[in-house]
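For reference, my_file.txt is printed below; it contains compact mmCIF, C-alpha atoms.
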# COMPACT_ATOMS: atom_id res chain seq x y z
CA PRO C 14 -39.16 -126.77 -5.21
CA ASP C 15 -39.18 -123.06 -5.92
CA GLU C 16 -39.30 -121.27 -2.57
CA GLU C 17 -41.50 -118.46 -3.91
CA MET C 18 -44.02 -120.92 -5.33
CA GLY C 19 -45.09 -122.33 -1.96
CA ALA C 20 -46.80 -125.73 -2.06
CA THR C 21 -46.38 -127.44 -5.40
CA ARG C 22 -47.49 -130.50 -7.32
CA ILE C 23 -46.28 -132.29 -10.42
CA VAL C 24 -48.37 -132.66 -13.58
CA LYS C 25 -47.48 -134.64 -16.67
CA ASP C 26 -48.09 -132.68 -19.87
CA THR C 27 -49.08 -133.99 -23.30
CA TRP C 28 -45.42 -134.74 -24.13
CA GLY C 29 -44.99 -136.68 -20.87
CA ARG C 30 -42.84 -133.92 -19.31
CA GLU C 31 -43.18 -133.67 -15.54
CA VAL C 32 -43.79 -130.02 -14.69
CA GLU C 33 -43.79 -128.59 -11.18
CA ILE C 34 -46.65 -126.14 -10.73
CA PRO C 35 -48.25 -124.36 -7.76
CA GLU C 36 -50.65 -126.48 -5.70
CA LYS C 37 -53.40 -123.96 -6.51
CA VAL C 38 -53.30 -122.29 -9.90
CA GLU C 39 -55.18 -118.99 -10.04
CA THR C 40 -53.75 -117.22 -13.09
CA ILE C 41 -52.77 -118.57 -16.50
CA ILE C 42 -51.88 -117.56 -20.01
CA CYS C 43 -52.64 -119.71 -23.04
CA LEU C 44 -50.24 -119.74 -25.97
CA GLY C 45 -50.19 -121.53 -29.28
CA SER C 46 -52.47 -123.94 -30.98
CA GLY C 47 -55.55 -125.00 -29.06
CA ALA C 48 -54.78 -123.72 -25.56
CA PRO C 49 -57.20 -120.74 -25.54
CA ARG C 50 -59.90 -122.98 -27.05
CA ILE C 51 -59.51 -125.49 -24.21
CA ALA C 52 -59.68 -122.67 -21.64
CA ALA C 53 -63.01 -121.63 -23.17
CA TYR C 54 -64.37 -125.18 -23.20
CA LEU C 55 -63.38 -125.63 -19.55
CA GLY C 56 -64.96 -122.30 -18.54
CA VAL C 57 -61.74 -120.81 -17.12
CA MET C 58 -61.27 -117.76 -19.36
CA ASP C 59 -61.51 -115.59 -16.24
CA MET C 60 -58.10 -117.00 -15.16
CA LEU C 61 -56.34 -115.39 -18.16
CA VAL C 62 -53.93 -112.54 -17.38
CA GLY C 63 -52.70 -112.13 -20.96
CA ALA C 64 -53.66 -113.09 -24.51
CA GLU C 65 -52.10 -113.52 -27.93
CA ASP C 66 -51.98 -110.78 -30.55
CA HIS C 67 -54.34 -112.54 -32.94
CA ASP C 68 -57.00 -112.85 -30.21
CA ILE C 69 -56.61 -109.23 -29.07
CA LYS C 70 -56.79 -107.84 -32.62
CA GLY C 71 -60.22 -109.22 -33.46
CA LYS C 72 -62.77 -112.00 -33.65
CA SER C 73 -62.36 -114.94 -35.99
CA VAL C 74 -64.68 -117.82 -36.82
CA LEU C 75 -61.53 -119.95 -37.04
CA ARG C 76 -61.15 -119.50 -33.30
CA ASP C 77 -64.63 -120.36 -32.05
CA TYR C 78 -63.92 -119.03 -28.54
CA SER C 79 -63.05 -115.56 -29.87
CA MET C 80 -66.64 -114.96 -30.94
CA VAL C 81 -67.83 -115.50 -27.36
CA TYR C 82 -64.91 -114.13 -25.34
CA TYR C 83 -63.53 -111.29 -27.47
CA ASP C 84 -64.78 -108.57 -25.12
CA LYS C 85 -62.87 -110.21 -22.27
CA ILE C 86 -59.74 -110.91 -24.32
CA LYS C 87 -59.34 -107.61 -26.22
CA ASP C 88 -58.10 -105.60 -23.23
CA LEU C 89 -55.64 -108.16 -21.87
CA PRO C 90 -51.88 -107.52 -22.22
CA ALA C 91 -50.29 -109.12 -25.30
CA VAL C 92 -48.12 -112.08 -24.26
CA GLY C 93 -47.52 -113.84 -27.59
CA ALA C 94 -48.00 -113.70 -31.34
CA GLY C 95 -50.42 -116.61 -31.63
CA GLY C 96 -50.75 -119.37 -34.16
CA GLY C 97 -50.41 -123.11 -34.38
CA SER C 98 -46.82 -123.75 -35.47
CA GLY C 99 -45.78 -125.26 -32.14
CA ALA C 100 -42.84 -122.84 -31.95
CA ASN C 101 -42.14 -120.58 -28.99
CA ASN C 102 -43.74 -117.30 -30.03
CA GLY C 103 -44.39 -116.07 -26.50
CA TYR C 104 -43.21 -112.62 -25.46
CA ALA C 105 -40.96 -113.50 -22.53
CA GLU C 106 -40.70 -109.99 -21.05
CA GLN C 107 -44.45 -109.38 -21.17
CA ILE C 108 -45.12 -112.83 -19.68
CA ILE C 109 -42.75 -112.06 -16.80
CA GLU C 110 -44.62 -108.76 -16.24
CA VAL C 111 -48.05 -110.42 -15.89
CA GLN C 112 -46.64 -113.30 -13.77
CA PRO C 113 -49.11 -116.12 -14.51
CA ASP C 114 -48.92 -119.12 -12.17
CA VAL C 115 -48.70 -121.40 -15.22
CA ILE C 116 -48.31 -121.06 -18.98
CA LEU C 117 -50.48 -123.54 -20.93
CA ALA C 118 -49.04 -123.91 -24.40
CA GLY C 119 -49.78 -125.74 -27.63
CA PHE C 120 -46.02 -125.91 -28.18
CA SER C 121 -43.46 -128.53 -29.08
CA GLN C 122 -41.52 -129.94 -26.14
CA GLU C 123 -38.41 -127.93 -27.10
CA ALA C 124 -40.37 -124.68 -27.40
CA ALA C 125 -41.95 -125.24 -23.97
CA GLU C 126 -38.57 -125.83 -22.36
CA GLU C 127 -37.16 -122.72 -24.06
CA LEU C 128 -40.01 -120.50 -22.78
CA GLU C 129 -39.72 -121.97 -19.28
CA LYS C 130 -36.00 -121.06 -19.24
CA GLN C 131 -36.73 -117.55 -20.55
CA THR C 132 -39.45 -116.76 -18.00
CA GLY C 133 -38.87 -119.00 -14.97
CA ILE C 134 -42.61 -119.82 -15.13
CA PRO C 135 -43.83 -123.43 -15.48
CA VAL C 136 -44.95 -124.31 -19.02
CA VAL C 137 -47.41 -127.19 -19.37
CA CYS C 138 -47.91 -128.42 -22.94
CA VAL C 139 -51.47 -129.07 -24.06
CA ARG C 140 -50.72 -129.58 -27.75
CA TYR C 141 -53.08 -131.90 -29.56
CA LEU C 142 -52.71 -133.05 -33.13
CA SER C 143 -56.33 -133.96 -33.94
CA VAL C 144 -57.29 -133.21 -37.51
CA ASN C 145 -60.98 -133.72 -36.81
CA PHE C 146 -60.61 -132.48 -33.25
CA VAL C 147 -61.92 -135.50 -31.40
CA ASP C 148 -59.11 -138.04 -31.22
CA GLU C 149 -57.23 -139.22 -28.12
CA SER C 150 -54.66 -136.39 -28.28
CA PHE C 151 -57.47 -133.85 -27.82
CA TYR C 152 -58.89 -135.79 -24.87
CA THR C 153 -55.42 -135.96 -23.27
CA ALA C 154 -54.84 -132.22 -23.78
CA MET C 155 -58.23 -131.42 -22.22
CA ARG C 156 -57.50 -133.62 -19.20
CA VAL C 157 -54.00 -132.19 -18.66
CA PHE C 158 -55.34 -128.62 -18.84
CA ALA C 159 -58.23 -129.50 -16.49
CA GLU C 160 -55.83 -131.01 -13.95
CA VAL C 161 -53.73 -127.81 -13.95
CA VAL C 162 -56.70 -125.48 -13.37
CA GLY C 163 -58.91 -127.78 -11.28
CA ALA C 164 -61.68 -128.18 -13.85
CA GLN C 165 -61.83 -131.98 -14.06
CA GLU C 166 -65.61 -132.21 -13.60
CA ARG C 167 -66.30 -129.72 -16.41
CA CYS C 168 -63.72 -131.51 -18.59
CA GLU C 169 -65.40 -134.89 -18.28
CA ALA C 170 -68.81 -133.31 -19.01
CA VAL C 171 -67.43 -131.74 -22.23
CA LEU C 172 -65.76 -135.00 -23.30
CA LYS C 173 -68.97 -136.94 -22.61
CA PHE C 174 -70.87 -134.43 -24.77
CA ILE C 175 -68.36 -135.00 -27.59
CA ASP C 176 -68.64 -138.78 -27.22
CA ASP C 177 -72.44 -138.53 -27.29
CA CYS C 178 -72.30 -136.42 -30.47
CA LYS C 179 -69.92 -138.88 -32.13
CA LYS C 180 -72.19 -141.81 -31.20
CA ASP C 181 -75.28 -139.96 -32.46
CA LEU C 182 -73.61 -139.17 -35.80
CA ASN C 183 -72.36 -142.73 -36.13
CA ASP C 184 -75.82 -144.15 -35.31
CA ARG C 185 -77.42 -141.94 -37.97
CA THR C 186 -74.90 -142.81 -40.69
CA LYS C 187 -73.86 -146.42 -39.94
CA ASP C 188 -76.17 -147.88 -42.61
CA ILE C 189 -75.03 -145.53 -45.37
CA PRO C 190 -72.26 -147.03 -47.55
CA ASP C 191 -68.99 -145.04 -47.39
CA SER C 192 -69.25 -144.38 -51.14
CA GLU C 193 -72.45 -142.37 -50.50
CA LYS C 194 -71.19 -140.37 -47.51
Represent the supplied structure as structure tokens.
Amino acid sequence: PDEEMGATRIVKDTWGREVEIPEKVETIICLGSGAPRIAAYLGVMDMLVGAEDHDIKGKSVLRDYSMVYYDKIKDLPAVGAGGGSGANNGYAEQIIEVQPDVILAGFSQEAAEELEKQTGIPVVCVRYLSVNFVDESFYTAMRVFAEVVGAQERCEAVLKFIDDCKKDLNDRTKDIPDSEK
């Protein structure tokens, strides 16, 4: 274990990587596809110590959280370009300056390992590949993120809400033939 980190624990990210993180995580940055959105859903945007360029530059309806949290995000230091490619587009030097306890990233496994080597800061992947946003990979990403930041109760409440919405929509449309949907 890293001597400076103090007490640590291991979490398994969405790629199955075992990542050693501080026992108590107080500060984070979110990079890449989906990570800032999950932070908003879990109610932990106050833990952010940096944001991506595209979130700092302005609001976008494509990033639902930006409409609500822009005033909080716009003044944070820039720590990455942003976007959903899965590549490492974090700004290593700026990340080192803000010293988050953990980086939560919607990155590929290789990109996460690269950023971890560049910064010496644990990178936990929370990449999900849901097209319609509500498949198992999204649920896994939410649960991994929640475990890192200690927001499991909120996470399960959000996932239950999604399940309830899916059931409601299914109940309302189950008798309509697919050809008419």
Report summary line: From CA of Leu172 (chain C) to CA of Ile51 (chain C) the spacing works out at 11.4 Å
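The nearest approach to Leu44 (chain C) among the residues C:Tyr104, C:Tyr152, C:Phe174, C:Trp28, with all atoms listed in the file taken into account, belongs to C:Tyr104.
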Query raised in the report: From the list C:Arg156, C:Arg140, C:Arg185, C:Arg30, which residue is nearest Val171 (chain C) when using all atoms listed in the file?
Result: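 Looking only at the distances to Val171 (chain C), the closest residue turns out to be C:Arg156.
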Query - Atomic separation - CA of Gly133 (chain C) relative to CA of Ser79 (chain C), Å - result: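 Computing it gives 28.6 Å between the two atoms.
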Query raised in the report: What separation in Å, quoted to one decimal, exists between CA of Glu127 (chain C) and CA of Ile108 (chain C)?
Result: 13.4 Å
Report task. Would you kindly return, as an NGL selection string, each protein, DNA or RNA residue with an atom no farther than 12 Å from any atom of Ala170 (chain C), considering only C-alpha atoms and excluding same-chain residues fewer than 5 positions away? Result -> :C and (54-56 or 152 or 155-156 or 159 or 164-165 or 175-177)
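Using all atoms listed in the file, the smallest distance between any of C:Ala48, C:Val115, C:Lys173, C:Ile41 and Pro135 (chain C) comes from C:Val115.
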**Report entry** Selected residue, from C:Leu89, C:Val147, C:Gly163, C:Ala154, that lies nearest to Lys179 (chain C) when counting all atoms listed in the file
**Finding:**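 That would be C:Val147, the residue with the smallest distance to Lys179 (chain C).
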Query - Surrounding residues of Glu106 (chain C) excluding itself and chain neighbours under 4 positions, 12 Å, only C-alpha atoms, as a list in words - result: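 Everything that qualifies: Pro90, Ala91, Val92, Gly93, Asn102, Glu110, Val111, Gln112, Leu128, Gln131, Thr132, Gly133 and Ile134 of chain C.
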Query raised in the report: Near region 82-86 of chain C, within 10 Å and counting only C-alpha atoms, which residues show up once chain neighbours fewer than 5 positions away are dropped, as a ChimeraX atom specification?
Result: /C:53,58-59,61-66,68-73,77,91
Requested in this report: Compare C:Cys43, C:Cys168, C:Val162, C:Leu75 by their minimum atom-to-atom distance to Gly103 (chain C), counting all atoms listed in the file, and give me the closest one.
Outcome: C:Cys43
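Residues in contact with Val157 (chain C) at up to 8 Å, not including ones fewer than 2 positions away on its chain and judged by only C-alpha atoms, are C:Val24, C:Lys25, C:Asp26, C:Thr27, C:Val139, C:Thr153, C:Ala154, C:Met155, C:Ala159, C:Glu160, C:Val161.
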Restrict the selected residues to C-alpha atoms and save them as a CSV table (one decimal), keeping the file's coordinate frame.
chain,number,residue,atom,x,y,z
C,24,VAL,CA,-48.4,-132.7,-13.6
C,25,LYS,CA,-47.5,-134.6,-16.7
C,26,ASP,CA,-48.1,-132.7,-19.9
C,27,THR,CA,-49.1,-134.0,-23.3
C,139,VAL,CA,-51.5,-129.1,-24.1
C,153,THR,CA,-55.4,-136.0,-23.3
C,154,ALA,CA,-54.8,-132.2,-23.8
C,155,MET,CA,-58.2,-131.4,-22.2
C,159,ALA,CA,-58.2,-129.5,-16.5
C,160,GLU,CA,-55.8,-131.0,-14.0
C,161,VAL,CA,-53.7,-127.8,-14.0
Applying 8 Å and only C-alpha atoms, which residues near Phe120 (chain C) remain after dropping the ones on its own chain fewer than 4 positions away? List them as a compact mmCIF listing (two decimals) with C-alpha atoms, in the frame of the given file.
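File written: result-v8.txt
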# COMPACT_ATOMS: atom_id res chain seq x y z
CA LEU C 44 -50.24 -119.74 -25.97
CA GLY C 45 -50.19 -121.53 -29.28
CA SER C 46 -52.47 -123.94 -30.98
CA SER C 98 -46.82 -123.75 -35.47
CA GLY C 99 -45.78 -125.26 -32.14
CA ALA C 100 -42.84 -122.84 -31.95
CA ASN C 101 -42.14 -120.58 -28.99
CA ALA C 124 -40.37 -124.68 -27.40
CA ALA C 125 -41.95 -125.24 -23.97
CA CYS C 138 -47.91 -128.42 -22.94
CA VAL C 139 -51.47 -129.07 -24.06
CA ARG C 140 -50.72 -129.58 -27.75
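Distance check against Met60 (chain C) using only C-alpha atoms: of C:Val136, C:Ile116, C:Ile189, C:Met80, the minimum falls on C:Ile116.
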Since the input has fewer atoms than a full residue there, write region 95-106 of chain C out with N, CA, C and O atoms, as a short mmCIF file (atom, residue, chain, number, x, y, z; two decimals), in the frame of the given file.
data_model
loop_
_atom_site.label_atom_id
_atom_site.label_comp_id
_atom_site.auth_asym_id
_atom_site.auth_seq_id
_atom_site.Cartn_x
_atom_site.Cartn_y
_atom_site.Cartn_z
N GLY C 95 -49.29 -115.76 -31.29
CA GLY C 95 -50.42 -116.61 -31.63
C GLY C 95 -50.12 -117.45 -32.85
O GLY C 95 -49.18 -117.20 -33.59
N GLY C 96 -50.92 -118.49 -33.01
CA GLY C 96 -50.75 -119.37 -34.16
C GLY C 96 -50.45 -120.79 -33.73
O GLY C 96 -50.18 -121.05 -32.57
N GLY C 97 -50.49 -121.69 -34.70
CA GLY C 97 -50.41 -123.11 -34.38
C GLY C 97 -49.16 -123.82 -34.82
O GLY C 97 -49.17 -125.02 -35.03
N SER C 98 -48.04 -123.11 -34.96
CA SER C 98 -46.82 -123.75 -35.47
C SER C 98 -46.17 -124.68 -34.45
O SER C 98 -45.39 -125.55 -34.81
N GLY C 99 -46.44 -124.48 -33.17
CA GLY C 99 -45.78 -125.26 -32.14
C GLY C 99 -44.48 -124.62 -31.67
O GLY C 99 -43.85 -125.09 -30.73
N ALA C 100 -44.07 -123.54 -32.33
CA ALA C 100 -42.84 -122.84 -31.95
C ALA C 100 -43.10 -121.92 -30.77
O ALA C 100 -44.24 -121.57 -30.48
N ASN C 101 -42.03 -121.52 -30.11
CA ASN C 101 -42.14 -120.58 -28.99
C ASN C 101 -42.29 -119.18 -29.55
O ASN C 101 -41.32 -118.56 -29.95
N ASN C 102 -43.51 -118.67 -29.57
CA ASN C 102 -43.74 -117.30 -30.03
C ASN C 102 -44.30 -116.45 -28.90
O ASN C 102 -44.99 -115.47 -29.12
N GLY C 103 -44.00 -116.86 -27.66
CA GLY C 103 -44.39 -116.07 -26.50
C GLY C 103 -43.48 -114.88 -26.33
O GLY C 103 -42.32 -114.90 -26.76
N TYR C 104 -44.01 -113.81 -25.74
CA TYR C 104 -43.21 -112.62 -25.46
C TYR C 104 -42.71 -112.72 -24.02
O TYR C 104 -43.45 -112.37 -23.08
N ALA C 105 -41.49 -113.19 -23.85
CA ALA C 105 -40.96 -113.50 -22.53
C ALA C 105 -41.07 -112.33 -21.54
O ALA C 105 -41.51 -112.52 -20.41
N GLU C 106 -40.69 -111.14 -21.97
CA GLU C 106 -40.70 -109.99 -21.05
C GLU C 106 -42.12 -109.68 -20.58
O GLU C 106 -42.36 -109.44 -19.40
#
